[in-house]
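Q: Here you go, one structure.
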Amino acid sequence: MLYDLDILDGSRAGTSIRTGVSIHELGSWPAVPAHWLHFEAGTQFSQQGSTDTNDALPGYIRHSWDTSFWLPTEHPGQLWIAHVRSVIAKVI
């Protein structure tokens, strides 16, 4: 599932970016919130997380940060939005 976001913070604030999530990760929602964000290949980040092409569309990569600190008591939607905002802010 792909969607466009306006970047509000970071070096690309004021621009748009296409990102997405794999339908396979959404199958476990909300018990297990998705944590991999998909970006067009060549997208760079100011800090290194995990990046690979597993389960990504051709021409896309997926990127994520450690999510082990997520509290199971938090609402899955709030966790997901916080994660997306954190990763998007690191796009350069």
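By convention here, the chains of the structure tokens are called A, B, ... in the order presented, each chain's residues are numbered starting at 1, and ligands are numbered starting at 1 in the order presented.
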Tell me, as a PyMOL selection string, which residues lie within 9 Å of stretch 46-48 of chain A, counting only C-alpha atoms; anything in the same chain fewer than 6 positions away does not count.

A: chain A and resi 11+65+89-92

Q: Kindly save the residues from that selection, with N, CA and C atoms included, as a short mmCIF file (atom, residue, chain, number, x, y, z; two decimals), in the first residue's frame.

A:
data_model
loop_
_atom_site.label_atom_id
_atom_site.label_comp_id
_atom_site.auth_asym_id
_atom_site.auth_seq_id
_atom_site.Cartn_x
_atom_site.Cartn_y
_atom_site.Cartn_z
N SER A 11 15.52 17.74 6.96
CA SER A 11 16.15 18.47 5.87
C SER A 11 15.26 18.61 4.63
N TRP A 65 13.46 1.26 11.96
CA TRP A 65 14.24 1.49 13.17
C TRP A 65 13.82 0.47 14.21
N ALA A 89 11.32 12.01 9.22
CA ALA A 89 12.16 13.15 9.61
C ALA A 89 13.63 12.91 9.31
N LYS A 90 14.02 11.66 9.10
CA LYS A 90 15.42 11.32 8.83
C LYS A 90 15.74 11.19 7.34
N VAL A 91 14.74 11.39 6.48
CA VAL A 91 14.97 11.35 5.03
C VAL A 91 15.76 12.58 4.62
N ILE A 92 16.83 12.37 3.84
CA ILE A 92 17.64 13.50 3.35
C ILE A 92 17.60 13.54 1.83
#

Q: Check the DSSP output for the backbone and give back, as a list in words, the residues of chain A in helix (DSSP H, G or I).

A: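 Filtering chain A down to helix (DSSP H, G or I) leaves Ile23, His24, Glu25, Leu26, Pro76, Gly77, Gln78, Leu79, Trp80, Ile81, Ala82, His83, Val84, Arg85, Ser86, Val87 and Ile88 of chain A.
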
Q: Identify, on the basis of only C-alpha atoms, every residue whose closest approach to stretch 52-54 of chain A does not exceed 10 Å; exclude the query and any residue fewer than 2 positions from it along the same chain; express the result as a list in words.

A: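 Neighbouring residues, sequence-local ones excluded: Ser22, Trp36, His38, Phe39, Ala41, Ser50, Ala56, Leu57, Pro58, Gly59, Tyr60, Ile61, Arg62, His63 and Ser64 of chain A.
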
Q: Take the residues from that selection and put them in a file with C-alpha atoms, as a CSV table (one decimal), in the first residue's frame.

A:
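Listed below is the output, out.csv:
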chain,number,residue,atom,x,y,z
A,22,SER,CA,3.6,-4.1,2.8
A,36,TRP,CA,8.9,-1.4,7.8
A,38,HIS,CA,8.8,1.4,1.9
A,39,PHE,CA,10.5,4.1,-0.1
A,41,ALA,CA,15.1,3.1,-4.2
A,50,SER,CA,17.8,-1.3,8.8
A,56,ALA,CA,9.3,-4.5,-1.5
A,57,LEU,CA,8.0,-3.6,-4.9
A,58,PRO,CA,10.5,-3.3,-7.8
A,59,GLY,CA,12.3,0.0,-7.5
A,60,TYR,CA,11.6,0.3,-3.7
A,61,ILE,CA,13.5,-0.4,-0.5
A,62,ARG,CA,12.2,-0.8,3.0
A,63,HIS,CA,13.6,0.9,6.0
A,64,SER,CA,12.9,0.7,9.7

Q: Tell me, as a PyMOL selection string, which residues lie within 8 Å of A:Arg18, counting only C-alpha atoms; anything in the same chain fewer than 2 positions away does not count.

A: chain A and resi 2-5+16+20+39-40

Q: Since we have the selection now, will you write its residues out, keeping N, CA and C atoms, as a PDB file, in the first residue's frame?

A:
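Heads up, here's the output in selection_15.pdb:
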ATOM      1  N   LEU A   2       0.787   2.055  -1.019  1.00  0.00           N
ATOM      2  CA  LEU A   2       1.606   3.264  -1.137  1.00  0.00           C
ATOM      3  C   LEU A   2       0.755   4.500  -0.868  1.00  0.00           C
ATOM      4  N   TYR A   3       1.395   5.514  -0.312  1.00  0.00           N
ATOM      5  CA  TYR A   3       0.726   6.777  -0.060  1.00  0.00           C
ATOM      6  C   TYR A   3       1.756   7.900  -0.079  1.00  0.00           C
ATOM      7  N   ASP A   4       1.307   9.112  -0.323  1.00  0.00           N
ATOM      8  CA  ASP A   4       2.188  10.283  -0.347  1.00  0.00           C
ATOM      9  C   ASP A   4       2.025  11.064   0.953  1.00  0.00           C
ATOM     10  N   LEU A   5       3.159  11.549   1.478  1.00  0.00           N
ATOM     11  CA  LEU A   5       3.160  12.353   2.701  1.00  0.00           C
ATOM     12  C   LEU A   5       3.916  13.646   2.468  1.00  0.00           C
ATOM     13  N   SER A  16       7.235  16.550  -0.588  1.00  0.00           N
ATOM     14  CA  SER A  16       6.431  15.332  -0.475  1.00  0.00           C
ATOM     15  C   SER A  16       7.294  14.112  -0.739  1.00  0.00           C
ATOM     16  N   GLY A  20       5.171   3.684   1.877  1.00  0.00           N
ATOM     17  CA  GLY A  20       4.142   2.663   1.948  1.00  0.00           C
ATOM     18  C   GLY A  20       4.468   1.591   2.956  1.00  0.00           C
ATOM     19  N   PHE A  39      10.140   2.892   0.598  1.00  0.00           N
ATOM     20  CA  PHE A  39      10.508   4.136  -0.077  1.00  0.00           C
ATOM     21  C   PHE A  39      11.065   3.810  -1.453  1.00  0.00           C
ATOM     22  N   GLU A  40      11.017   4.789  -2.342  1.00  0.00           N
ATOM     23  CA  GLU A  40      11.647   4.602  -3.648  1.00  0.00           C
ATOM     24  C   GLU A  40      13.140   4.348  -3.455  1.00  0.00           C
TER      25      GLU A  40
END

Q: Would you mind listing what lies within 8 Å of stretch 81-85 of chain A as a PyMOL selection string, with only C-alpha atoms counted and same-chain residues fewer than 4 positions away left out?

A: chain A and resi 35+37+77+89

Q: Just to be explicit: take each residue in the selection above, keep N, CA and C atoms, and write the result as a PDB file, in the first residue's frame.

A:
ATOM      1  N   HIS A  35       6.210  -2.154  10.967  1.00  0.00           N
ATOM      2  CA  HIS A  35       7.306  -1.241  11.280  1.00  0.00           C
ATOM      3  C   HIS A  35       8.186  -0.945  10.077  1.00  0.00           C
ATOM      4  N   LEU A  37       8.860   0.686   6.594  1.00  0.00           N
ATOM      5  CA  LEU A  37       8.338   1.708   5.693  1.00  0.00           C
ATOM      6  C   LEU A  37       9.013   1.526   4.344  1.00  0.00           C
ATOM      7  N   GLY A  77      -2.322   2.500  16.498  1.00  0.00           N
ATOM      8  CA  GLY A  77      -2.322   3.628  15.565  1.00  0.00           C
ATOM      9  C   GLY A  77      -1.363   4.722  15.998  1.00  0.00           C
ATOM     10  N   ALA A  89      11.319  12.007   9.221  1.00  0.00           N
ATOM     11  CA  ALA A  89      12.158  13.150   9.608  1.00  0.00           C
ATOM     12  C   ALA A  89      13.631  12.908   9.305  1.00  0.00           C
TER      13      ALA A  89
END

Q: Using only C-alpha atoms, find the one residue out of A:Val21, A:Gly27, A:Phe45, A:Thr51 that sits nearest to A:Trp80.

A: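 Result for the nearest residue to A:Trp80: A:Val21.
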
Q: Please extract the residues of chain A with a backbone DSSP assignment of strand (DSSP E) and present them as a compact mmCIF listing (two decimals) with N, CA and C atoms, in the first residue's frame.

A:
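The resulting states14.txt:
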# COMPACT_ATOMS: atom_id res chain seq x y z
N LEU A 2 0.79 2.06 -1.02
CA LEU A 2 1.61 3.26 -1.14
C LEU A 2 0.75 4.50 -0.87
N TYR A 3 1.39 5.51 -0.31
CA TYR A 3 0.73 6.78 -0.06
C TYR A 3 1.76 7.90 -0.08
N ASP A 4 1.31 9.11 -0.32
CA ASP A 4 2.19 10.28 -0.35
C ASP A 4 2.02 11.06 0.95
N LEU A 5 3.16 11.55 1.48
CA LEU A 5 3.16 12.35 2.70
C LEU A 5 3.92 13.65 2.47
N ASP A 6 3.48 14.69 3.12
CA ASP A 6 4.23 15.94 3.15
C ASP A 6 5.18 15.86 4.34
N SER A 16 7.24 16.55 -0.59
CA SER A 16 6.43 15.33 -0.48
C SER A 16 7.29 14.11 -0.74
N ILE A 17 6.87 12.99 -0.21
CA ILE A 17 7.56 11.73 -0.44
C ILE A 17 6.52 10.62 -0.54
N ARG A 18 6.77 9.67 -1.41
CA ARG A 18 5.92 8.49 -1.52
C ARG A 18 6.50 7.41 -0.62
N THR A 19 5.67 6.84 0.21
CA THR A 19 6.08 5.77 1.11
C THR A 19 4.96 4.75 1.17
N GLY A 20 5.17 3.68 1.88
CA GLY A 20 4.14 2.66 1.95
C GLY A 20 4.47 1.59 2.96
N LEU A 37 8.86 0.69 6.59
CA LEU A 37 8.34 1.71 5.69
C LEU A 37 9.01 1.53 4.34
N HIS A 38 8.26 1.58 3.28
CA HIS A 38 8.78 1.38 1.93
C HIS A 38 8.97 2.74 1.26
N PHE A 39 10.14 2.89 0.60
CA PHE A 39 10.51 4.14 -0.08
C PHE A 39 11.07 3.81 -1.45
N GLU A 40 11.02 4.79 -2.34
CA GLU A 40 11.65 4.60 -3.65
C GLU A 40 13.14 4.35 -3.45
N SER A 50 17.68 -0.06 9.57
CA SER A 50 17.78 -1.27 8.76
C SER A 50 17.14 -1.01 7.41
N THR A 51 17.85 -1.36 6.34
CA THR A 51 17.34 -1.17 4.98
C THR A 51 17.59 -2.43 4.17
N ASP A 52 16.57 -2.87 3.43
CA ASP A 52 16.74 -3.99 2.50
C ASP A 52 15.64 -3.91 1.45
N TYR A 60 11.79 -0.18 -5.11
CA TYR A 60 11.58 0.30 -3.75
C TYR A 60 12.51 -0.42 -2.78
N ILE A 61 12.78 0.23 -1.67
CA ILE A 61 13.48 -0.36 -0.53
C ILE A 61 12.55 -0.28 0.67
N ARG A 62 12.89 -1.00 1.71
CA ARG A 62 12.16 -0.83 2.95
C ARG A 62 13.15 -0.44 4.04
N HIS A 63 12.68 0.34 4.98
CA HIS A 63 13.56 0.91 6.01
C HIS A 63 12.83 0.92 7.34
N SER A 64 13.55 0.66 8.42
CA SER A 64 12.93 0.68 9.73
C SER A 64 13.96 0.98 10.80

Q: Please determine, counting only C-alpha atoms, which residue among A:Ala13, A:Ile7, A:Leu26, A:Leu79 has the shortest atom-to-atom distance to A:Thr67.

A: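 The closest residue to A:Thr67 is A:Leu79.
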
Q: What does the structure give for the distance between atom CA of A:Asp9 and atom CA of A:Glu25, in Å to one decimal?

A: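 Taking atom CA of A:Asp9 and atom CA of A:Glu25, their separation equals 26.1 Å.
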
Q: Report, in Å to a single decimal, how far apart atom CA of A:Asp55 and atom CA of A:His24 are.

A: 8.3 Å

Q: With a distance cut-off of 9 Å and only C-alpha atoms, select the neighbouring residues of A:Pro76, excluding the residue or stretch itself and same-chain residues fewer than 5 positions from it, and output the selection as a PDB file with C-alpha atoms, in the first residue's frame.

A:
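And here's part.pdb as it stands now:
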ATOM      1  CA  TRP A  29      -2.510  -5.374  12.477  1.00  0.00           C
ATOM      2  CA  PRO A  30      -3.311  -4.288  15.163  1.00  0.00           C
ATOM      3  CA  ALA A  31      -1.765  -7.045  17.292  1.00  0.00           C
ATOM      4  CA  VAL A  32       1.591  -6.368  15.629  1.00  0.00           C
ATOM      5  CA  PRO A  33       1.895  -2.867  14.137  1.00  0.00           C
ATOM      6  CA  ILE A  81       2.137   7.358  13.390  1.00  0.00           C
TER       7      ILE A  81
END
